Amino acid sequence: MPATITALAHYLPPDVYTNEWFAKRLDTNDEWIFSRTGIKERRFAKDGGTSDLIVPAAQEVLKRRGIGPEEIDCIIVCTVTPDHFFPSTAALVQRKLGVKNAWGFDLSAACSGFVFGIITACKLVESGAAQKILLCGSDKMSSIINFDDRAQAVLFGDGAGVCLIEKSNDDSLGMLDFRAYLDGAGEPHLHMVAGGSFKPASEETVKNKEHYIVQEGQPVFKAAVIGMADVSYEIMERNNLKAEDIAWLIPHQANLRIISATANRMGIGMDKVMVNIEKYGNTTAGTIPICLSELYENKQLKKGDNIVLSSFGAGFTWGAVYLKWNMND
Ligand code: UT7
């Protein structure tokens, strides 16, 4: 029996930062940001860590499913902004939620975190190794943004999406297929220089601002357009899905132009593409579960809907998942 999402919710910090807020501080403007990326606003958390973004969404998931924390047997946190190197953010989420009988771990795949995470969680559940997995996609990007660099500061935001993964009660519904890829040749184009074992934190690394995101926009853009579009098309072909069979494409929200190129390659209209980048920017591992949760809350997902999740991120990492929606609204 396939595994599936049985409950979901999201959390966004309340404070909104507009393009105009950036324009007052940096040499940028709303026209450049919106026309190049599709972003108007993003949210930044004032304090706390990534676990504090996850916990309210996770509590809502438990409430919606009508279960207590003791029923969770595994927690996976997909993030590149863990509260600490160790212990894992999964451990902090476990403690803060009062989960008693679980194991868990963090999963690092940048913007593909949630896609890699749902594949991992579904396969654990399908195999019988776990029954109820709390799958969390979240990043507090404001903790690694260089707010003096206009080329990156305007792109990202903070947020969390959480799903409960369980066995499906119908073998035609749930996660039916996936394709995922990893190519370390992408490292120079999107990475953080210091703070890891290769270049530990020092006075010099702080002075040189080496604890922030480094992104060369153009090469990442080109690789993302090809990677996300191709893998999404590949998942359609493997499953004999025509454009008209797909109810929703839920792409990672990094840039509206990358999203449009993916939809174009799949031959599907933008009316079937979930886009909320305008409101939240790129929340890295948070984008896809936040999109799913917003669609669900707006009652736009129907049982039996064919859904394609699609992502591209640092590594490079990329992938696509074919879900047949299992929940009634
Ligand atoms: O989610 C993880 C994966 N990441 C991505 O998928 C991001 C992929 N890359 C992109 O989305 C785009 O490359 C960006 C949105 C980051 C940049 O857009 P672009 O069309 O590739 O612009 P560019 O980097 O080629 O820069 C064009 C110009 C440059 O000025 P010059 O050299 O032409 O004079 C930049 O300095 O725009 C300038 N620029 C800005 N101007 C105003 C860069 N950032 C800004 C800014 N405001 N915020």
# chains A, B, ... in the order shown; residues from 1 in each chain; ligands from 1
>>> residues_near_ligand(ligand="ligand 1", cutoff="9 Å", atoms="only C-alpha atoms and all ligand atoms", output="PyMOL selection string")
chain A and resi 22-23+26-33+35-37+110-112+149-156+190+215-225+252-258+282-284+311-314+316
>>> select_by_dssp(residues="range 8-198 of chain A", states="alpha helix (DSSP H)", output="number ranges by chain")
A: 19-23, 30-37, 50-65, 89-97, 113-127, 150-153
>>> atom_distance(atom1="CA of Asn19 in chain A", atom2="CA of Ile39 in chain A")
8.0 Å
>>> atom_distance(atom1="CA of Ala91 in chain A", atom2="CA of Leu124 in chain A")
18.6 Å
>>> residues_around(residues="Arg179 in chain A", least_positions_apart="3", cutoff="7 Å", atoms="only C-alpha atoms", output="PDB file with N, CA and C atoms, in the first residue's frame")
ATOM      1  N   VAL A 231      12.730  17.102 -15.061  1.00  0.00           N
ATOM      2  CA  VAL A 231      12.323  16.054 -14.116  1.00  0.00           C
ATOM      3  C   VAL A 231      10.791  16.010 -13.997  1.00  0.00           C
ATOM      4  N   ILE A 235       8.507  12.694 -14.949  1.00  0.00           N
ATOM      5  CA  ILE A 235       7.524  12.026 -14.075  1.00  0.00           C
ATOM      6  C   ILE A 235       6.174  11.877 -14.802  1.00  0.00           C
ATOM      7  N   GLY A 319      14.170  17.209  -8.150  1.00  0.00           N
ATOM      8  CA  GLY A 319      13.333  16.024  -8.144  1.00  0.00           C
ATOM      9  C   GLY A 319      11.875  16.351  -8.366  1.00  0.00           C
ATOM     10  N   ALA A 320      11.095  15.278  -8.616  1.00  0.00           N
ATOM     11  CA  ALA A 320       9.651  15.424  -8.787  1.00  0.00           C
ATOM     12  C   ALA A 320       8.958  14.219  -8.163  1.00  0.00           C
ATOM     13  N   VAL A 321       7.761  14.466  -7.647  1.00  0.00           N
ATOM     14  CA  VAL A 321       6.969  13.433  -6.976  1.00  0.00           C
ATOM     15  C   VAL A 321       5.571  13.425  -7.593  1.00  0.00           C
TER      16      VAL A 321
END
>>> closest_residue(among="A:Ile268, A:Ile144, A:Ala45, A:Ala229", to="Asp15 in chain A", atoms="only C-alpha atoms")
A:Ala45
>>> closest_residue(among="A:Thr4, A:Asn326, A:Asn239, A:Asn298", to="Thr120 in chain A", atoms="only C-alpha atoms")
A:Thr4
>>> closest_residue(among="A:Leu249, A:Cys163, A:Leu107, A:Ile307", to="Glu60 in chain A", atoms="only C-alpha atoms")
A:Cys163
>>> closest_residue(among="A:Phe34, A:Trp325, A:Phe198, A:Trp248", to="Gly304 in chain A", atoms="only C-alpha atoms")
A:Trp325
>>> closest_atom_pairs(of="range 166-211 of chain A", to="range 65-87 of chain A", cutoff="12 Å", atoms="only C-alpha atoms", output="tab-separated table")
residue	atom	partner	partner_atom	distance
A:Glu166	CA	A:Ile72	CA	10.2
A:His191	CA	A:Val80	CA	10.6
A:Met192	CA	A:Val80	CA	10.3
A:Gly195	CA	A:Phe85	CA	9.7
A:Gly196	CA	A:Phe85	CA	8.9
A:Ser197	CA	A:Phe85	CA	10.8
A:His211	CA	A:Thr81	CA	11.5
>>> write_last_selection(atoms="C-alpha atoms", output="PDB file, in the first residue's frame")
ATOM      1  CA  GLU A 166       0.796   7.436   6.993  1.00  0.00           C
ATOM      2  CA  HIS A 191      26.724  27.496  -1.097  1.00  0.00           C
ATOM      3  CA  MET A 192      27.800  28.851   2.264  1.00  0.00           C
ATOM      4  CA  GLY A 195      30.964  27.526   9.490  1.00  0.00           C
ATOM      5  CA  GLY A 196      31.284  23.843   8.537  1.00  0.00           C
ATOM      6  CA  SER A 197      34.169  21.427   9.087  1.00  0.00           C
ATOM      7  CA  HIS A 211      28.393  32.756   6.950  1.00  0.00           C
TER       8      HIS A 211
END
>>> select_by_dssp(residues="range 81-317 of chain A", states="strand (DSSP E or B)", output="VMD selection string")
chain A and resid 103 to 107 133 to 140 156 158 to 167 174 to 182 190 to 192 213 to 215 248 to 251 273 282 306 to 313 317
>>> write_last_selection(atoms="N, CA and C atoms", output="short mmCIF file (atom, residue, chain, number, x, y, z; two decimals), in the first residue's frame")
data_model
loop_
_atom_site.label_atom_id
_atom_site.label_comp_id
_atom_site.auth_asym_id
_atom_site.auth_seq_id
_atom_site.Cartn_x
_atom_site.Cartn_y
_atom_site.Cartn_z
N TRP A 103 11.84 8.30 16.83
CA TRP A 103 13.20 8.63 16.43
C TRP A 103 13.08 9.71 15.36
N GLY A 104 14.20 10.16 14.82
CA GLY A 104 14.08 11.18 13.78
C GLY A 104 15.42 11.80 13.44
N PHE A 105 15.40 12.65 12.43
CA PHE A 105 16.66 13.20 11.93
C PHE A 105 16.39 14.41 11.05
N ASP A 106 17.44 15.19 10.78
CA ASP A 106 17.35 16.29 9.82
C ASP A 106 17.79 15.80 8.44
N LEU A 107 17.22 16.40 7.42
CA LEU A 107 17.55 16.02 6.05
C LEU A 107 17.96 17.30 5.31
N ILE A 133 4.70 9.51 10.45
CA ILE A 133 5.89 10.38 10.39
C ILE A 133 5.47 11.83 10.28
N LEU A 134 6.06 12.65 11.15
CA LEU A 134 5.86 14.09 11.05
C LEU A 134 6.94 14.61 10.11
N LEU A 135 6.54 15.03 8.93
CA LEU A 135 7.49 15.49 7.91
C LEU A 135 7.42 17.01 7.85
N CYS A 136 8.54 17.67 8.21
CA CYS A 136 8.56 19.12 8.35
C CYS A 136 9.50 19.72 7.31
N GLY A 137 9.03 20.70 6.55
CA GLY A 137 9.88 21.44 5.61
C GLY A 137 9.92 22.88 6.08
N SER A 138 11.09 23.34 6.48
CA SER A 138 11.13 24.69 7.04
C SER A 138 12.53 25.30 6.96
N ASP A 139 12.57 26.59 6.72
CA ASP A 139 13.83 27.32 6.80
C ASP A 139 13.61 28.72 7.35
N LYS A 140 14.56 29.13 8.19
CA LYS A 140 14.59 30.52 8.65
C LYS A 140 15.72 31.18 7.86
N PHE A 156 14.56 35.69 -0.41
CA PHE A 156 14.19 34.62 0.53
C PHE A 156 13.23 35.07 1.63
N ASP A 158 11.08 33.34 5.52
CA ASP A 158 11.02 32.31 6.56
C ASP A 158 9.63 31.67 6.56
N GLY A 159 9.57 30.38 6.85
CA GLY A 159 8.25 29.73 6.94
C GLY A 159 8.39 28.22 7.14
N ALA A 160 7.27 27.57 7.46
CA ALA A 160 7.28 26.13 7.71
C ALA A 160 6.00 25.49 7.20
N GLY A 161 6.14 24.27 6.67
CA GLY A 161 4.98 23.45 6.31
C GLY A 161 5.20 22.06 6.89
N VAL A 162 4.16 21.48 7.47
CA VAL A 162 4.30 20.16 8.12
C VAL A 162 3.19 19.24 7.61
N CYS A 163 3.58 17.99 7.31
CA CYS A 163 2.60 16.98 6.87
C CYS A 163 2.74 15.74 7.75
N LEU A 164 1.64 15.05 7.94
CA LEU A 164 1.69 13.73 8.57
C LEU A 164 1.66 12.70 7.44
N ILE A 165 2.60 11.75 7.49
CA ILE A 165 2.67 10.70 6.47
C ILE A 165 2.27 9.37 7.11
N GLU A 166 1.27 8.75 6.50
CA GLU A 166 0.80 7.44 6.99
C GLU A 166 0.51 6.54 5.79
N LYS A 167 0.23 5.28 6.07
CA LYS A 167 -0.14 4.35 5.00
C LYS A 167 -1.49 4.77 4.43
N GLY A 174 -2.01 8.21 -2.96
CA GLY A 174 -0.81 8.44 -2.17
C GLY A 174 0.36 8.77 -3.09
N MET A 175 1.60 8.61 -2.59
CA MET A 175 2.77 8.87 -3.44
C MET A 175 2.98 7.67 -4.36
N LEU A 176 2.81 7.88 -5.66
CA LEU A 176 2.85 6.76 -6.60
C LEU A 176 4.19 6.62 -7.32
N ASP A 177 4.94 7.74 -7.41
CA ASP A 177 6.23 7.64 -8.12
C ASP A 177 7.10 8.85 -7.77
N PHE A 178 8.40 8.73 -8.02
CA PHE A 178 9.30 9.87 -7.83
C PHE A 178 10.53 9.71 -8.69
N ARG A 179 11.19 10.83 -8.96
CA ARG A 179 12.54 10.86 -9.57
C ARG A 179 13.31 11.91 -8.80
N ALA A 180 14.54 11.63 -8.45
CA ALA A 180 15.33 12.62 -7.71
C ALA A 180 16.79 12.54 -8.13
N TYR A 181 17.46 13.68 -8.11
CA TYR A 181 18.84 13.76 -8.61
C TYR A 181 19.71 14.62 -7.70
N LEU A 182 21.03 14.36 -7.78
CA LEU A 182 22.02 15.10 -6.99
C LEU A 182 23.25 15.30 -7.85
N LEU A 190 26.11 27.87 -5.55
CA LEU A 190 25.15 28.10 -4.48
C LEU A 190 25.62 27.37 -3.24
N HIS A 191 26.17 28.14 -2.29
CA HIS A 191 26.72 27.50 -1.10
C HIS A 191 26.94 28.50 0.02
N MET A 192 27.36 27.98 1.18
CA MET A 192 27.80 28.85 2.26
C MET A 192 29.26 28.51 2.51
N ILE A 213 24.58 33.18 2.51
CA ILE A 213 24.37 32.51 1.23
C ILE A 213 25.28 33.15 0.17
N VAL A 214 25.92 32.30 -0.65
CA VAL A 214 26.60 32.79 -1.86
C VAL A 214 25.83 32.19 -3.04
N GLN A 215 25.31 33.03 -3.89
CA GLN A 215 24.58 32.52 -5.06
C GLN A 215 24.97 33.30 -6.31
N TRP A 248 -2.84 19.69 -10.33
CA TRP A 248 -1.96 20.74 -9.82
C TRP A 248 -0.49 20.40 -10.01
N LEU A 249 0.27 21.37 -10.49
CA LEU A 249 1.73 21.34 -10.39
C LEU A 249 2.07 22.22 -9.19
N ILE A 250 2.82 21.64 -8.25
CA ILE A 250 3.23 22.43 -7.07
C ILE A 250 4.75 22.54 -7.10
N PRO A 251 5.25 23.62 -7.70
CA PRO A 251 6.70 23.76 -7.87
C PRO A 251 7.35 24.50 -6.70
N VAL A 273 -1.12 25.75 -11.80
CA VAL A 273 0.17 25.83 -11.11
C VAL A 273 -0.01 26.62 -9.82
N ASN A 282 11.14 32.93 -1.32
CA ASN A 282 11.65 31.56 -1.34
C ASN A 282 11.97 31.12 0.09
N ASN A 306 -4.51 14.32 -9.45
CA ASN A 306 -3.11 14.04 -9.77
C ASN A 306 -2.29 15.31 -9.51
N ILE A 307 -1.29 15.17 -8.64
CA ILE A 307 -0.47 16.32 -8.25
C ILE A 307 0.99 16.00 -8.52
N VAL A 308 1.70 16.97 -9.11
CA VAL A 308 3.15 16.81 -9.30
C VAL A 308 3.86 17.85 -8.44
N LEU A 309 4.74 17.38 -7.54
CA LEU A 309 5.61 18.28 -6.78
C LEU A 309 6.94 18.33 -7.51
N SER A 310 7.57 19.51 -7.54
CA SER A 310 8.78 19.62 -8.33
C SER A 310 9.73 20.64 -7.70
N SER A 311 11.03 20.30 -7.66
CA SER A 311 11.95 21.21 -6.97
C SER A 311 13.33 21.26 -7.62
N PHE A 312 14.07 22.32 -7.30
CA PHE A 312 15.46 22.46 -7.69
C PHE A 312 16.17 23.30 -6.63
N GLY A 313 17.36 22.88 -6.22
CA GLY A 313 18.06 23.67 -5.20
C GLY A 313 19.54 23.39 -5.14
N THR A 317 20.43 19.84 -6.24
CA THR A 317 19.47 18.79 -5.97
C THR A 317 18.21 19.09 -6.77
#
>>> closest_residue(among="A:Asp171, A:Glu126, A:Asp271, A:Glu41", to="Gln300 in chain A", atoms="only C-alpha atoms")
A:Asp271
>>> closest_residue(among="A:Asn208, A:Thr89, A:Thr50, A:Ser260", to="Gly157 in chain A", atoms="only C-alpha atoms")
A:Thr50
>>> atom_distance(atom1="CA of Lys123 in chain A", atom2="CA of Pro2 in chain A")
8.3 Å
